[in-house]
file entry34.cif (mmCIF, C-alpha atoms)
data_start
loop_
_atom_site.group_PDB
_atom_site.id
_atom_site.type_symbol
_atom_site.label_atom_id
_atom_site.label_comp_id
_atom_site.auth_asym_id
_atom_site.auth_seq_id
_atom_site.Cartn_x
_atom_site.Cartn_y
_atom_site.Cartn_z
ATOM 1 C CA LEU V 1456 0.000 0.000 0.000
ATOM 2 C CA PRO V 1457 2.119 2.900 -1.249
ATOM 3 C CA PHE V 1458 0.006 5.666 0.322
ATOM 4 C CA LEU V 1459 0.110 3.983 3.737
ATOM 5 C CA GLY V 1460 3.887 3.733 3.418
ATOM 6 C CA ASN V 1461 4.069 7.491 2.836
ATOM 7 C CA VAL V 1462 1.897 8.238 5.863
ATOM 8 C CA LEU V 1463 4.024 6.016 8.103
ATOM 9 C CA GLY V 1464 7.152 7.698 6.786
ATOM 10 C CA TRP V 1465 5.761 11.125 7.733
ATOM 11 C CA VAL V 1466 5.419 10.051 11.369
ATOM 12 C CA GLY V 1467 8.935 8.609 11.506
ATOM 13 C CA ALA V 1468 8.133 4.947 10.892
ATOM 14 C CA GLY V 1469 10.279 2.898 8.563
ATOM 15 C CA SER V 1470 11.145 -0.544 7.342
ATOM 16 C CA ALA V 1471 12.027 -3.152 9.972
ATOM 17 C CA SER V 1472 14.310 -5.032 7.590
ATOM 18 C CA ARG V 1473 17.760 -5.839 8.914
ATOM 19 C CA ASP V 1474 19.560 -3.552 6.451
ATOM 20 C CA ALA V 1475 17.223 -0.609 7.106
ATOM 21 C CA VAL V 1476 17.539 -0.945 10.873
ATOM 22 C CA ARG V 1477 21.325 -1.251 10.722
ATOM 23 C CA LYS V 1478 21.532 1.846 8.535
ATOM 24 C CA GLN V 1479 19.491 3.872 11.032
ATOM 25 C CA LEU V 1480 21.600 2.667 13.955
ATOM 26 C CA ASP V 1481 24.818 3.541 12.134
ATOM 27 C CA THR V 1482 23.603 7.144 11.752
ATOM 28 C CA GLY V 1483 23.158 7.405 15.522
ATOM 29 C CA ARG V 1484 19.374 7.271 15.624
ATOM 30 C CA ASN V 1485 17.477 5.766 18.514
ATOM 31 C CA LEU V 1486 14.823 3.337 17.344
ATOM 32 C CA TYR V 1487 11.546 2.321 18.935
ATOM 33 C CA MET V 1488 10.892 -1.247 17.858
ATOM 34 C CA MET V 1489 8.169 -3.749 18.607
ATOM 35 C CA PRO V 1490 10.063 -7.043 18.445
ATOM 36 C CA GLY V 1491 6.861 -9.082 18.577
ATOM 37 C CA GLY V 1492 5.912 -7.899 15.098
ATOM 38 C CA VAL V 1493 3.007 -9.531 13.290
ATOM 39 C CA ALA V 1494 3.228 -12.642 15.472
ATOM 40 C CA GLU V 1495 2.467 -10.664 18.626
ATOM 41 C CA ILE V 1496 -0.686 -9.182 17.119
ATOM 42 C CA PHE V 1497 -2.128 -12.680 17.099
ATOM 43 C CA LEU V 1498 -1.283 -13.244 20.772
ATOM 44 C CA SER V 1499 -3.184 -10.113 21.785
ATOM 45 C CA GLU V 1500 -6.182 -10.802 23.992
ATOM 46 C CA SER V 1501 -7.983 -8.701 26.575
ATOM 47 C CA GLY V 1502 -6.939 -9.524 30.133
ATOM 48 C CA THR V 1503 -3.715 -11.292 29.139
ATOM 49 C CA HIS V 1504 -0.065 -10.291 29.070
ATOM 50 C CA LYS V 1505 1.747 -12.118 26.264
ATOM 51 C CA VAL V 1506 4.803 -10.925 24.365
ATOM 52 C CA LYS V 1507 6.924 -12.357 21.592
ATOM 53 C CA ALA V 1508 10.327 -11.250 22.863
ATOM 54 C CA ARG V 1509 12.730 -14.067 22.011
ATOM 55 C CA ARG V 1510 14.188 -12.453 18.904
ATOM 56 C CA TYR V 1511 17.708 -13.736 18.261
ATOM 57 C CA GLY V 1512 18.165 -11.593 15.156
ATOM 58 C CA LEU V 1513 17.515 -8.408 17.103
ATOM 59 C CA MET V 1514 20.027 -9.382 19.779
ATOM 60 C CA LYS V 1515 22.599 -10.221 17.121
ATOM 61 C CA LEU V 1516 22.099 -6.790 15.575
ATOM 62 C CA ALA V 1517 22.518 -5.129 18.982
ATOM 63 C CA LEU V 1518 25.837 -6.927 19.468
ATOM 64 C CA GLN V 1519 27.064 -6.041 15.993
ATOM 65 C CA SER V 1520 26.160 -2.351 16.320
ATOM 66 C CA GLY V 1521 27.049 -1.911 20.007
ATOM 67 C CA THR V 1522 23.550 -0.581 20.666
ATOM 68 C CA CYS V 1523 21.818 -0.920 24.029
ATOM 69 C CA VAL V 1524 18.384 -2.500 24.268
ATOM 70 C CA ILE V 1525 15.884 -0.811 26.581
ATOM 71 C CA PRO V 1526 13.048 -3.074 27.750
ATOM 72 C CA MET V 1527 9.595 -1.534 27.865
ATOM 73 C CA TYR V 1528 6.068 -2.759 28.429
ATOM 74 C CA VAL V 1529 2.604 -1.278 27.877
ATOM 75 C CA PHE V 1530 0.056 -2.313 30.488
ATOM 76 C CA GLY V 1531 -3.460 -2.148 29.075
ATOM 77 C CA GLY V 1532 -2.349 -2.289 25.459
ATOM 78 C CA ASN V 1533 -4.551 -5.326 24.812
ATOM 79 C CA GLU V 1534 -7.691 -3.677 26.187
ATOM 80 C CA PHE V 1535 -8.535 -1.261 23.368
ATOM 81 C CA PHE V 1536 -10.062 -3.774 20.947
ATOM 82 C CA ASP V 1537 -11.252 -7.343 20.574
ATOM 83 C CA HIS V 1538 -10.130 -9.125 17.441
ATOM 84 C CA LEU V 1539 -11.162 -12.204 15.580
ATOM 85 C CA ALA V 1540 -8.040 -14.335 16.001
ATOM 86 C CA THR V 1541 -8.408 -14.771 19.769
ATOM 87 C CA TYR V 1542 -12.005 -13.672 20.395
ATOM 88 C CA GLY V 1543 -13.857 -15.988 22.766
ATOM 89 C CA ASN V 1544 -10.753 -17.604 24.264
ATOM 90 C CA LYS V 1545 -11.234 -15.943 27.639
ATOM 91 C CA SER V 1546 -14.762 -17.224 28.143
ATOM 92 C CA SER V 1547 -13.939 -20.722 26.897
ATOM 93 C CA GLY V 1548 -10.648 -20.989 28.781
ATOM 94 C CA SER V 1549 -8.812 -21.763 25.549
ATOM 95 C CA SER V 1550 -5.465 -20.277 24.584
ATOM 96 C CA GLN V 1551 -5.714 -21.408 20.955
ATOM 97 C CA LYS V 1552 -6.501 -19.267 17.964
ATOM 98 C CA ASN V 1553 -9.670 -20.107 16.070
ATOM 99 C CA THR V 1554 -9.452 -21.392 12.489
ATOM 100 C CA LEU V 1555 -10.178 -18.050 10.882
ATOM 101 C CA GLY V 1556 -7.627 -16.437 13.175
ATOM 102 C CA LEU V 1557 -4.982 -18.908 12.021
ATOM 103 C CA LEU V 1558 -5.808 -18.143 8.388
ATOM 104 C CA LEU V 1559 -5.558 -14.400 9.042
ATOM 105 C CA GLU V 1560 -2.199 -14.887 10.727
ATOM 106 C CA GLN V 1561 -0.858 -16.869 7.776
ATOM 107 C CA PHE V 1562 -2.171 -14.257 5.349
ATOM 108 C CA SER V 1563 -0.532 -11.504 7.421
ATOM 109 C CA ARG V 1564 2.813 -13.271 7.343
ATOM 110 C CA THR V 1565 2.569 -13.669 3.574
ATOM 111 C CA MET V 1566 1.676 -10.011 3.082
ATOM 112 C CA LYS V 1567 4.180 -8.839 5.733
ATOM 113 C CA GLY V 1568 1.559 -6.860 7.622
ATOM 114 C CA GLY V 1569 -1.009 -7.331 10.364
ATOM 115 C CA PHE V 1570 -4.453 -8.122 8.978
ATOM 116 C CA THR V 1571 -7.286 -9.045 11.305
ATOM 117 C CA LEU V 1572 -10.871 -8.037 12.008
ATOM 118 C CA PHE V 1573 -11.160 -5.939 15.155
ATOM 119 C CA TRP V 1574 -13.838 -3.972 16.979
ATOM 120 C CA GLY V 1575 -14.368 -1.938 20.122
ATOM 121 C CA CYS V 1576 -17.337 -0.013 21.538
ATOM 122 C CA TYR V 1577 -20.687 -0.838 19.916
ATOM 123 C CA GLY V 1578 -18.962 -3.281 17.556
ATOM 124 C CA LEU V 1579 -17.261 -0.355 15.808
ATOM 125 C CA PRO V 1580 -13.551 0.526 15.443
ATOM 126 C CA ILE V 1581 -13.894 2.806 18.474
ATOM 127 C CA PRO V 1582 -11.503 1.770 21.255
ATOM 128 C CA TYR V 1583 -12.826 0.649 24.614
ATOM 129 C CA PRO V 1584 -11.865 2.994 27.464
ATOM 130 C CA ALA V 1585 -8.763 1.502 29.027
ATOM 131 C CA LYS V 1586 -6.147 2.426 31.599
ATOM 132 C CA VAL V 1587 -2.748 2.380 29.923
ATOM 133 C CA SER V 1588 0.682 2.588 31.518
ATOM 134 C CA MET V 1589 3.944 2.536 29.560
ATOM 135 C CA VAL V 1590 7.017 1.642 31.605
ATOM 136 C CA PHE V 1591 10.719 1.565 30.737
ATOM 137 C CA GLY V 1592 13.558 -0.393 32.265
ATOM 138 C CA ASP V 1593 17.291 0.233 32.496
ATOM 139 C CA PRO V 1594 19.405 -0.214 29.354
ATOM 140 C CA VAL V 1595 20.706 -3.686 28.652
ATOM 141 C CA TRP V 1596 24.180 -3.311 27.146
ATOM 142 C CA PRO V 1597 25.303 -6.062 24.762
ATOM 143 C CA VAL V 1598 28.880 -6.007 26.118
ATOM 144 C CA PRO V 1599 28.868 -4.761 29.726
ATOM 145 C CA ASN V 1600 31.548 -2.384 31.027
ATOM 146 C CA THR V 1601 32.623 -1.175 27.569
ATOM 147 C CA LEU V 1602 30.510 1.984 27.347
ATOM 148 C CA THR V 1603 31.962 4.801 25.199
ATOM 149 C CA ARG V 1604 30.642 7.840 23.334
ATOM 150 C CA ASP V 1605 30.823 7.573 19.553
ATOM 151 C CA ALA V 1606 32.882 10.483 18.202
ATOM 152 C CA THR V 1607 30.816 10.721 15.005
ATOM 153 C CA THR V 1608 27.258 10.486 16.290
ATOM 154 C CA GLY V 1609 27.695 11.455 19.946
ATOM 155 C CA LYS V 1610 25.705 8.369 20.871
ATOM 156 C CA PHE V 1611 26.705 6.088 23.726
ATOM 157 C CA THR V 1612 27.660 2.651 22.454
ATOM 158 C CA CYS V 1613 29.551 -0.332 23.730
ATOM 159 C CA ARG V 1614 32.148 -2.560 22.104
ATOM 160 C CA ARG V 1615 30.870 -4.022 18.859
ATOM 161 C CA VAL V 1616 30.987 -7.740 18.143
ATOM 162 C CA PRO V 1617 31.098 -8.110 14.331
ATOM 163 C CA ASN V 1618 30.518 -11.867 14.361
ATOM 164 C CA PRO V 1619 28.782 -12.822 17.612
ATOM 165 C CA THR V 1620 28.574 -16.471 18.570
ATOM 166 C CA ASN V 1621 25.297 -18.217 19.333
ATOM 167 C CA GLU V 1622 26.323 -18.264 22.993
ATOM 168 C CA GLU V 1623 26.841 -14.482 23.049
ATOM 169 C CA ILE V 1624 23.474 -13.918 21.369
ATOM 170 C CA SER V 1625 21.691 -16.264 23.775
ATOM 171 C CA GLU V 1626 23.349 -14.626 26.783
ATOM 172 C CA LEU V 1627 22.196 -11.161 25.714
ATOM 173 C CA LEU V 1628 18.700 -12.443 24.972
ATOM 174 C CA ASP V 1629 18.493 -14.041 28.417
ATOM 175 C CA ARG V 1630 19.502 -10.757 30.060
ATOM 176 C CA TYR V 1631 16.932 -8.851 28.027
ATOM 177 C CA VAL V 1632 14.129 -11.301 28.870
ATOM 178 C CA ASP V 1633 15.075 -11.199 32.567
ATOM 179 C CA ALA V 1634 15.033 -7.387 32.491
ATOM 180 C CA LEU V 1635 11.630 -7.372 30.802
ATOM 181 C CA ARG V 1636 10.210 -9.791 33.359
ATOM 182 C CA CYS V 1637 11.613 -7.739 36.263
ATOM 183 C CA LEU V 1638 10.152 -4.562 34.750
ATOM 184 C CA PHE V 1639 6.728 -6.208 34.521
ATOM 185 C CA GLU V 1640 6.856 -7.452 38.112
ATOM 186 C CA GLN V 1641 8.047 -4.067 39.380
ATOM 187 C CA TYR V 1642 5.172 -2.072 37.914
ATOM 188 C CA LYS V 1643 2.219 -4.455 37.579
ATOM 189 C CA GLY V 1644 0.754 -3.425 40.927
ATOM 190 C CA GLN V 1645 0.892 0.276 40.100
ATOM 191 C CA ALA V 1646 -0.650 -0.492 36.702
ATOM 192 C CA GLY V 1647 -3.693 -2.034 38.366
ATOM 193 C CA CYS V 1648 -3.039 -5.724 37.712
ATOM 194 C CA PRO V 1649 -1.162 -7.022 40.783
ATOM 195 C CA ASN V 1650 -1.957 -10.679 40.093
ATOM 196 C CA ALA V 1651 -0.997 -10.647 36.417
ATOM 197 C CA THR V 1652 1.592 -13.000 34.935
ATOM 198 C CA LEU V 1653 3.770 -12.168 31.949
ATOM 199 C CA GLU V 1654 3.985 -14.891 29.302
ATOM 200 C CA ILE V 1655 7.110 -14.548 27.157
ATOM 201 C CA GLN V 1656 7.408 -16.541 23.953
#
call {"tool": "encode", "arguments": {"input": "entry34.cif", "output": "structure tokens"}}
result
Amino acid sequence: LPFLGNVLGWVGAGSASRDAVRKQLDTGRNLYMMPGGVAEIFLSESGTHKVKARRYGLMKLALQSGTCVIPMYVFGGNEFFDHLATYGNKSSGSSQKNTLGLLLEQFSRTMKGGFTLFWGCYGLPIPYPAKVSMVFGDPVWPVPNTLTRDATTGKFTCRRVPNPTNEEISELLDRYVDALRCLFEQYKGQAGCPNATLEIQ
């Protein structure tokens, strides 16, 4: 959708391809990324807290570029709309997507976008009123204790690892997931869901 691409560009959005992201990082830009991508859309369900955070490619890119990863979470982000892929799971106790939801997810992956049927108040695309809290954690540095300021961009970076091993990638991912889980536990009471559990896939 060319016009949609233009609109997203006007608000600062861009391609999430590896090359595009690396180019932006090399110019010193800070990027807000949703690592769950299309897959996380189809985990979204009112009253649940599910994230798709185990992204090895993103951690590899952080190591290669020396860029810190800042965990963040949005409490209440699933409460604005119901959508077809997971609708009815809460009442039935199921955690599975329905057949049409699975088809929509496959179609979305093929088209590289999120396509689903959603609704809010009165069955219209008007969001339900919801309490939303966005929280941020401390930076997770790919290579601890190597923090420096880049002379070209002025951005703080750490030592780059041009060819990280699987062990280095897994270690960074584990630290990121732990930081995300701690962030959730720290703020869930203040966000109004003290008994909530974060499910990380």
call {"tool": "resolve_selection", "arguments": {"input": "entry34.cif", "expression": "the PyMOL selection byres ((chain V and resi 1591-1599) around 7)", "output": "PDB file with C-alpha atoms, in the frame of the given file"}}
result
ATOM      1  CA  ALA V1517      22.518  -5.129  18.982  1.00  0.00           C
ATOM      2  CA  LEU V1518      25.837  -6.927  19.468  1.00  0.00           C
ATOM      3  CA  GLY V1521      27.049  -1.911  20.007  1.00  0.00           C
ATOM      4  CA  CYS V1523      21.818  -0.920  24.029  1.00  0.00           C
ATOM      5  CA  VAL V1524      18.384  -2.500  24.268  1.00  0.00           C
ATOM      6  CA  ILE V1525      15.884  -0.811  26.581  1.00  0.00           C
ATOM      7  CA  PRO V1526      13.048  -3.074  27.750  1.00  0.00           C
ATOM      8  CA  MET V1527       9.595  -1.534  27.865  1.00  0.00           C
ATOM      9  CA  TYR V1528       6.068  -2.759  28.429  1.00  0.00           C
ATOM     10  CA  MET V1589       3.944   2.536  29.560  1.00  0.00           C
ATOM     11  CA  VAL V1590       7.017   1.642  31.605  1.00  0.00           C
ATOM     12  CA  ASN V1600      31.548  -2.384  31.027  1.00  0.00           C
ATOM     13  CA  THR V1601      32.623  -1.175  27.569  1.00  0.00           C
ATOM     14  CA  CYS V1613      29.551  -0.332  23.730  1.00  0.00           C
ATOM     15  CA  ARG V1614      32.148  -2.560  22.104  1.00  0.00           C
ATOM     16  CA  LEU V1627      22.196 -11.161  25.714  1.00  0.00           C
ATOM     17  CA  TYR V1631      16.932  -8.851  28.027  1.00  0.00           C
ATOM     18  CA  LEU V1638      10.152  -4.562  34.750  1.00  0.00           C
TER      19      LEU V1638
END
call {"tool": "residues_around", "arguments": {"input": "entry34.cif", "residues": "range 1650-1653 of chain V", "least_positions_apart": "6", "cutoff": "12 Å", "atoms": "all atoms listed in the file", "output": "NGL selection string"}}
result
:V and (1502-1508 or 1528-1531 or 1632-1633 or 1635-1644)
call {"tool": "resolve_selection", "arguments": {"input": "entry34.cif", "expression": "the PyMOL selection byres ((chain V and resi 1474-1491) around 8)", "output": "list in words"}}
result
Gly1469, Ser1470, Ala1471, Ser1472, Arg1473, Gly1492, Val1493, Ala1494, Glu1495, Ile1496, Val1506, Lys1507, Ala1508, Arg1510, Leu1513, Leu1516, Ser1520, Thr1522, Thr1608, Gly1609 and Lys1610 of chain V
call {"tool": "resolve_selection", "arguments": {"input": "entry34.cif", "expression": "the PyMOL selection byres ((chain V and resi 1563-1573) around 6)", "output": "PDB file with C-alpha atoms, in the frame of the given file"}}
result
ATOM      1  CA  VAL V1493       3.007  -9.531  13.290  1.00  0.00           C
ATOM      2  CA  ASP V1537     -11.252  -7.343  20.574  1.00  0.00           C
ATOM      3  CA  HIS V1538     -10.130  -9.125  17.441  1.00  0.00           C
ATOM      4  CA  LEU V1539     -11.162 -12.204  15.580  1.00  0.00           C
ATOM      5  CA  GLU V1560      -2.199 -14.887  10.727  1.00  0.00           C
ATOM      6  CA  GLN V1561      -0.858 -16.869   7.776  1.00  0.00           C
ATOM      7  CA  PHE V1562      -2.171 -14.257   5.349  1.00  0.00           C
ATOM      8  CA  TRP V1574     -13.838  -3.972  16.979  1.00  0.00           C
TER       9      TRP V1574
END
call {"tool": "atom_distance", "arguments": {"input": "entry34.cif", "atom1": "CA of Arg1630 in chain V", "atom2": "CA of Arg1604 in chain V"}}
result
22.7 Å
call {"tool": "residues_around", "arguments": {"input": "entry34.cif", "residues": "Arg1509 in chain V", "least_positions_apart": "2", "cutoff": "7 Å", "atoms": "only C-alpha atoms", "output": "ChimeraX atom specification"}}
result
/V:1507,1511,1628,1656
call {"tool": "build_atoms", "arguments": {"input": "entry34.cif", "residues": "range 1639-1651 of chain V", "atoms": "N, CA, C and O atoms", "output": "CSV table (one decimal), keeping the file's coordinate frame"}}
result
chain,number,residue,atom,x,y,z
V,1639,PHE,N,8.1,-5.9,34.4
V,1639,PHE,CA,6.7,-6.2,34.5
V,1639,PHE,C,6.3,-6.4,36.0
V,1639,PHE,O,5.3,-5.8,36.5
V,1640,GLU,N,7.2,-7.2,36.7
V,1640,GLU,CA,6.9,-7.5,38.1
V,1640,GLU,C,6.9,-6.2,39.0
V,1640,GLU,O,6.2,-6.0,39.9
V,1641,GLN,N,7.9,-5.3,38.6
V,1641,GLN,CA,8.0,-4.1,39.4
V,1641,GLN,C,6.8,-3.1,39.3
V,1641,GLN,O,6.5,-2.5,40.3
V,1642,TYR,N,6.2,-3.1,38.1
V,1642,TYR,CA,5.2,-2.1,37.9
V,1642,TYR,C,3.7,-2.6,37.8
V,1642,TYR,O,2.8,-1.8,37.7
V,1643,LYS,N,3.6,-3.9,37.8
V,1643,LYS,CA,2.2,-4.5,37.6
V,1643,LYS,C,1.2,-4.0,38.6
V,1643,LYS,O,0.0,-3.8,38.3
V,1644,GLY,N,1.7,-3.9,39.9
V,1644,GLY,CA,0.8,-3.4,40.9
V,1644,GLY,C,0.3,-2.0,40.7
V,1644,GLY,O,-0.9,-1.7,40.8
V,1645,GLN,N,1.2,-1.1,40.4
V,1645,GLN,CA,0.9,0.3,40.1
V,1645,GLN,C,0.0,0.4,38.9
V,1645,GLN,O,-0.8,1.4,38.7
V,1646,ALA,N,0.1,-0.5,37.9
V,1646,ALA,CA,-0.6,-0.5,36.7
V,1646,ALA,C,-2.1,-1.1,36.9
V,1646,ALA,O,-2.9,-1.1,36.0
V,1647,GLY,N,-2.3,-1.6,38.1
V,1647,GLY,CA,-3.7,-2.0,38.4
V,1647,GLY,C,-3.9,-3.5,38.1
V,1647,GLY,O,-5.1,-3.9,38.0
V,1648,CYS,N,-2.9,-4.3,37.9
V,1648,CYS,CA,-3.0,-5.7,37.7
V,1648,CYS,C,-2.0,-6.5,38.5
V,1648,CYS,O,-1.1,-7.1,38.0
V,1649,PRO,N,-2.2,-6.4,39.9
V,1649,PRO,CA,-1.2,-7.0,40.8
V,1649,PRO,C,-1.0,-8.5,40.7
V,1649,PRO,O,0.0,-9.1,41.1
V,1650,ASN,N,-2.0,-9.2,40.2
V,1650,ASN,CA,-2.0,-10.7,40.1
V,1650,ASN,C,-1.6,-11.2,38.7
V,1650,ASN,O,-1.7,-12.4,38.4
V,1651,ALA,N,-1.3,-10.3,37.8
V,1651,ALA,CA,-1.0,-10.6,36.4
V,1651,ALA,C,0.3,-11.4,36.3
V,1651,ALA,O,1.2,-11.3,37.1
